[in-house]
Every structure is written in structure tokens, then in C-alpha cells.
Amino acid sequence: MKKIAQPIKLVLLLALSGISLLSLITSVAAQSPLGSRLRGVRLVLPPLPPGPPPGGRIRGGAKRGSCPTMETDLTALVPFTQTNRTVVNVWGLTTMERPTLWVYVPYTKSFAYPAEFVLLDEESSPVYQTSITLPDLPGVIGVPIGATAPPLAVGKQYRWFFNVYCNQQPSNTLTYVEGVMQRVTLNQATVQQLQIAQPEQQIAIYANNGIWHDALTTLAQLRQQNPQDEKLETEWKNLLEAIGLNDVAQKPLVSSNRFNSLP
């Protein structure tokens with residue numbers, strides 16, 4: 001009887017032991033110094049949900065009242081589609097019960113403007129609302145959905161608003177960004193990959209599966225933990241440039257008093 005070739009023997013042993021070849025390769029990569037670096041991120045954006053398009057506003061844009069003109073507008077760090085320079089859909093997926101929205105805020109505490117984050121369900125009923133303290137310096141801030149909010153339901157769409165009122169008191173003088181997020185579940189194979197992957201690898205897995213909010217939040221956490229890491233900074237720029245936000249790709253990550261730590 002002929003000897004079984006080594007590659008075939010390996011596959012048979014893995015099959016008998018209940019371990020997949022993909023799991024083994026992924027596990028080895030996770031333990032490798034080279035595999036632990038963030039490389040080869042390929043962003044795959046999901047199709048729009050069925051039914052009416054989400055709509056939204058990626059930039060503060062056409063402000064009402066007397067909001068001052070800034071070099072770079074208030075900007076949501078979310079994928080968007082655009083037709084004839086008019087943004088028509090701002091849309092992103094998450095697997096988290098309480099995800100974080102990332103926003104570039106040009107206004108600082110010195111403006112003394114009230115700001116808020118609002119989340120609505122599919123019936124346009126308020127789910128969560130909180131005030132936001134503007135940062136000390138212009139930059140990107142994370143706005144987590146707080147623990148007091150009910151967890152997002154899988155498969156449901158939630159509309160969010162980040163509003164800045166250009167007045168000491170909330171009024172019609174405001175600038176805002178708006179979009180829709182939806183919580184989804186991943187297949188078991190992808191969940192297993194995430195469980196054994198390093199955070200750098202998780203970013204690629206999320207991006208490859210179209211889970212924008214989780215990919216960006218994981219990368220933001222790594223950047224705050226490793227502020228001098230130029231490779232992470234480059235990946236941040238690449239990810240934002242991939243969705244057409246070149247002008248905010250180099251803006252710094254900053255913290256507001258209201259949310260001074262990541263979730």
C-alpha cells in the first residue's frame with residue numbers, strides 16, 4: 001500500500017481532530033510577529049438595505065442661521081454614496097450592541113456651543129439622546145452609545161444625528177450630520193476568526209465583511225493606545241480615503257470631556 005502524501009495526511013489528521021485548515025493557518029498567523037501587523041485591509045461595503053434609501057448628511061454643509069464657516073466642516077466618518085455632489089445615503093453596519101460613531105468636529109469648547117447625539121428607531125421614536133461636550137481642539141471624537149441605551153436589535157435600522165447648535169441655547173441655528181446604522185450578525189466561521197485574531201487582524205476581518213463601525217472603532221482604539229505608531233496612522237488614513245474622506249483622514253484623534261475614554 002502506498003504511503004499517503006504529507007499534505008493529504010495533514011488534511012486527514014485535521015479533519016479527524018475537528019480542526020479546520022483555515023483555523024490552523026489563522027491561528028499560526030495570529031501568533032506570528034508578521035501576522036500581528038495590520039496589512040492587506042480590503043474594504044468591502046455592503047449594498048444599501050431594501051426599501052427606501054437611508055438618506056443622511058455626511059457634512060455639516062448647508063448650515064442654518066449663523067453657524068461660522070470652518071475650513072473643514074463637521075463630518076461623520078461613515079461610508080456614503082454621492083450623486084452630482086449631493087450626498088444621498090450615509091450608511092454603515094455594526095455587530096455591536098452599542099457601537100461608537102466617529103465624527104470630525106471643527107468646533108471646540110471655546111465656542112461654548114451645545115451639542116448632542118440622538119438615536120431613533122425605525123418608527124422615528126427616540127432610543128437614546130445625550131449631550132456632548134466639544135473637544136479642546138478640533139479633531140475626531142468617538143461618540144459611544146451609552147450603557148443606559150437599550151442594545152441595538154439585530155436587523156433593525158437606527159437613524160442617528162450629531163447636532164451642534166451655534167448658539168448658547170439650542171435653536172434653529174445648527175449644523176448636523178445624519179445617517180443610518182444597522183446591527184448584523186456574522187457567520188460562525190467569521191466569528192471564530194475574530195475570536196483568535198489579534199486586534200490588527202480584526203480590523204481587516206471587519207473591513208472585508210463590510211462592518212464599517214467595528215473596523216473603525218477597533219483601529220481608533222489601537223491608535224489611542226499606540227499614538228506614535230506610524231503604520232496604524234497610515235491604515236487610518238487609507239481607510240478614510242477609501243470612502244472619500246481625504247480631507248479628514250489626517251485630522252487628529254481627540255477626546256471631549258464627555259467621552260474621555262473609548263468603549
# chains A, B, ... in the order shown; residues from 1 in each chain; ligands from 1
call {"tool": "residues_around", "arguments": {"residues": "Phe80 (chain A)", "least_positions_apart": "4", "cutoff": "12 Å", "atoms": "only C-alpha atoms", "output": "number ranges by chain"}}
result
A: 45-48, 53-59, 75-76, 85-92, 177-181, 212, 240, 242-245
call {"tool": "write_last_selection", "arguments": {"atoms": "C-alpha atoms", "output": "mmCIF file, in the first residue's frame"}}
result
data_model
loop_
_atom_site.group_PDB
_atom_site.id
_atom_site.type_symbol
_atom_site.label_atom_id
_atom_site.label_comp_id
_atom_site.auth_asym_id
_atom_site.auth_seq_id
_atom_site.Cartn_x
_atom_site.Cartn_y
_atom_site.Cartn_z
ATOM 1 C CA LEU A 45 -19.023 47.972 1.548
ATOM 2 C CA PRO A 46 -22.433 46.270 1.819
ATOM 3 C CA PRO A 47 -25.301 47.074 -0.542
ATOM 4 C CA LEU A 48 -27.941 49.508 0.617
ATOM 5 C CA PRO A 53 -32.793 54.633 0.751
ATOM 6 C CA PRO A 54 -31.341 55.663 4.123
ATOM 7 C CA GLY A 55 -30.541 59.238 3.109
ATOM 8 C CA GLY A 56 -28.479 61.320 5.506
ATOM 9 C CA ARG A 57 -25.845 64.035 5.668
ATOM 10 C CA ILE A 58 -22.118 63.342 5.777
ATOM 11 C CA ARG A 59 -21.099 67.002 6.255
ATOM 12 C CA THR A 75 -18.034 65.413 9.170
ATOM 13 C CA ALA A 76 -19.305 61.929 10.036
ATOM 14 C CA ARG A 85 -22.193 66.347 -5.417
ATOM 15 C CA THR A 86 -25.296 65.699 -3.340
ATOM 16 C CA VAL A 87 -24.934 63.062 -0.631
ATOM 17 C CA VAL A 88 -27.888 60.723 -0.807
ATOM 18 C CA ASN A 89 -27.056 57.881 1.602
ATOM 19 C CA VAL A 90 -24.961 57.642 4.786
ATOM 20 C CA TRP A 91 -24.939 54.025 5.840
ATOM 21 C CA GLY A 92 -22.881 51.622 7.990
ATOM 22 C CA VAL A 177 -24.609 65.152 10.351
ATOM 23 C CA GLU A 178 -27.042 62.283 9.979
ATOM 24 C CA GLY A 179 -27.038 58.658 8.899
ATOM 25 C CA VAL A 180 -28.336 55.153 9.471
ATOM 26 C CA MET A 181 -26.687 52.173 11.167
ATOM 27 C CA TRP A 212 -17.522 49.634 8.997
ATOM 28 C CA LEU A 240 -10.908 57.035 5.435
ATOM 29 C CA ALA A 242 -11.205 54.590 0.751
ATOM 30 C CA ILE A 243 -14.603 56.181 1.446
ATOM 31 C CA GLY A 244 -13.668 59.578 0.023
ATOM 32 C CA LEU A 245 -12.905 61.438 3.257
#
call {"tool": "residues_around", "arguments": {"residues": "Leu232 (chain A)", "least_positions_apart": "6", "cutoff": "12 Å", "atoms": "only C-alpha atoms", "output": "number ranges by chain"}}
result
A: 37-39, 41, 199-200, 203, 216, 218-226, 238-239
call {"tool": "residues_around", "arguments": {"residues": "Tyr104 (chain A)", "least_positions_apart": "4", "cutoff": "10 Å", "atoms": "only C-alpha atoms", "output": "PyMOL selection string"}}
result
chain A and resi 59+72-77+138-142+248-249+251-254
call {"tool": "closest_residue", "arguments": {"among": "A:Gln195, A:Asn84, A:Asn167, A:Thr69", "to": "Phe111 (chain A)", "atoms": "only C-alpha atoms"}}
result
A:Asn167
call {"tool": "select_by_dssp", "arguments": {"residues": "region 106-263 of chain A", "states": "helix (DSSP H, G or I)", "output": "VMD selection string"}}
result
chain A and resid 109 to 111 188 to 196 199 to 208 212 to 225 230 to 241 246 to 248
call {"tool": "write_last_selection", "arguments": {"atoms": "C-alpha atoms", "output": "compact mmCIF listing (two decimals), in the first residue's frame"}}
result
# COMPACT_ATOMS: atom_id res chain seq x y z
CA LYS A 109 -15.15 74.19 23.86
CA SER A 110 -14.15 77.81 23.37
CA PHE A 111 -17.21 78.24 21.14
CA GLN A 188 -19.85 31.26 12.61
CA ALA A 189 -16.64 30.90 10.59
CA THR A 190 -16.02 34.66 10.69
CA VAL A 191 -16.83 34.81 14.41
CA GLN A 192 -14.24 32.09 15.03
CA GLN A 193 -11.66 34.04 13.04
CA LEU A 194 -12.33 37.14 15.15
CA GLN A 195 -12.01 35.17 18.39
CA ILE A 196 -8.44 34.08 17.65
CA PRO A 199 -6.90 43.45 17.09
CA GLU A 200 -4.90 44.44 13.99
CA GLN A 201 -6.24 41.39 12.19
CA GLN A 202 -9.77 42.02 13.43
CA ILE A 203 -9.78 45.35 11.60
CA ALA A 204 -9.14 43.58 8.31
CA ILE A 205 -11.78 40.94 9.03
CA TYR A 206 -14.41 43.58 9.83
CA ALA A 207 -13.48 45.65 6.77
CA ASN A 208 -13.51 42.61 4.49
CA TRP A 212 -17.52 49.63 9.00
CA HIS A 213 -18.25 50.84 12.54
CA ASP A 214 -16.43 47.93 14.19
CA ALA A 215 -13.41 48.23 11.89
CA LEU A 216 -13.02 51.96 12.53
CA THR A 217 -13.58 51.69 16.29
CA THR A 218 -11.02 48.88 16.65
CA LEU A 219 -8.49 50.91 14.68
CA ALA A 220 -9.23 54.06 16.70
CA GLN A 221 -8.67 52.15 19.95
CA LEU A 222 -5.32 50.89 18.70
CA ARG A 223 -4.28 54.37 17.64
CA GLN A 224 -5.10 55.82 21.05
CA GLN A 225 -3.18 53.01 22.74
CA GLU A 230 3.00 55.40 12.09
CA LYS A 231 1.68 52.21 10.49
CA LEU A 232 -1.60 52.50 12.37
CA GLU A 233 -1.82 56.15 11.37
CA THR A 234 -1.30 55.14 7.73
CA GLU A 235 -4.02 52.48 7.94
CA TRP A 236 -6.38 55.07 9.43
CA LYS A 237 -5.71 57.41 6.52
CA ASN A 238 -6.12 54.61 4.00
CA LEU A 239 -9.44 53.52 5.48
CA LEU A 240 -10.91 57.03 5.44
CA GLU A 241 -9.55 57.80 1.98
CA ASN A 246 -9.40 62.51 2.28
CA ASP A 247 -9.71 65.92 3.96
CA VAL A 248 -10.35 64.46 7.42
call {"tool": "closest_residue", "arguments": {"among": "A:Pro106, A:Pro50, A:Pro114, A:Pro151", "to": "Tyr128 (chain A)", "atoms": "only C-alpha atoms"}}
result
A:Pro151
call {"tool": "residues_around", "arguments": {"residues": "Gln129 (chain A)", "least_positions_apart": "5", "cutoff": "7 Å", "atoms": "only C-alpha atoms", "output": "VMD selection string"}}
result
chain A and resid 117 to 119
call {"tool": "atom_distance", "arguments": {"atom1": "CA of Thr185 (chain A)", "atom2": "CA of Thr94 (chain A)"}}
result
8.4 Å
call {"tool": "atom_distance", "arguments": {"atom1": "CA of Ala153 (chain A)", "atom2": "CA of Tyr176 (chain A)"}}
result
25.1 Å
call {"tool": "atom_distance", "arguments": {"atom1": "CA of Leu43 (chain A)", "atom2": "CA of Gln157 (chain A)"}}
result
21.4 Å
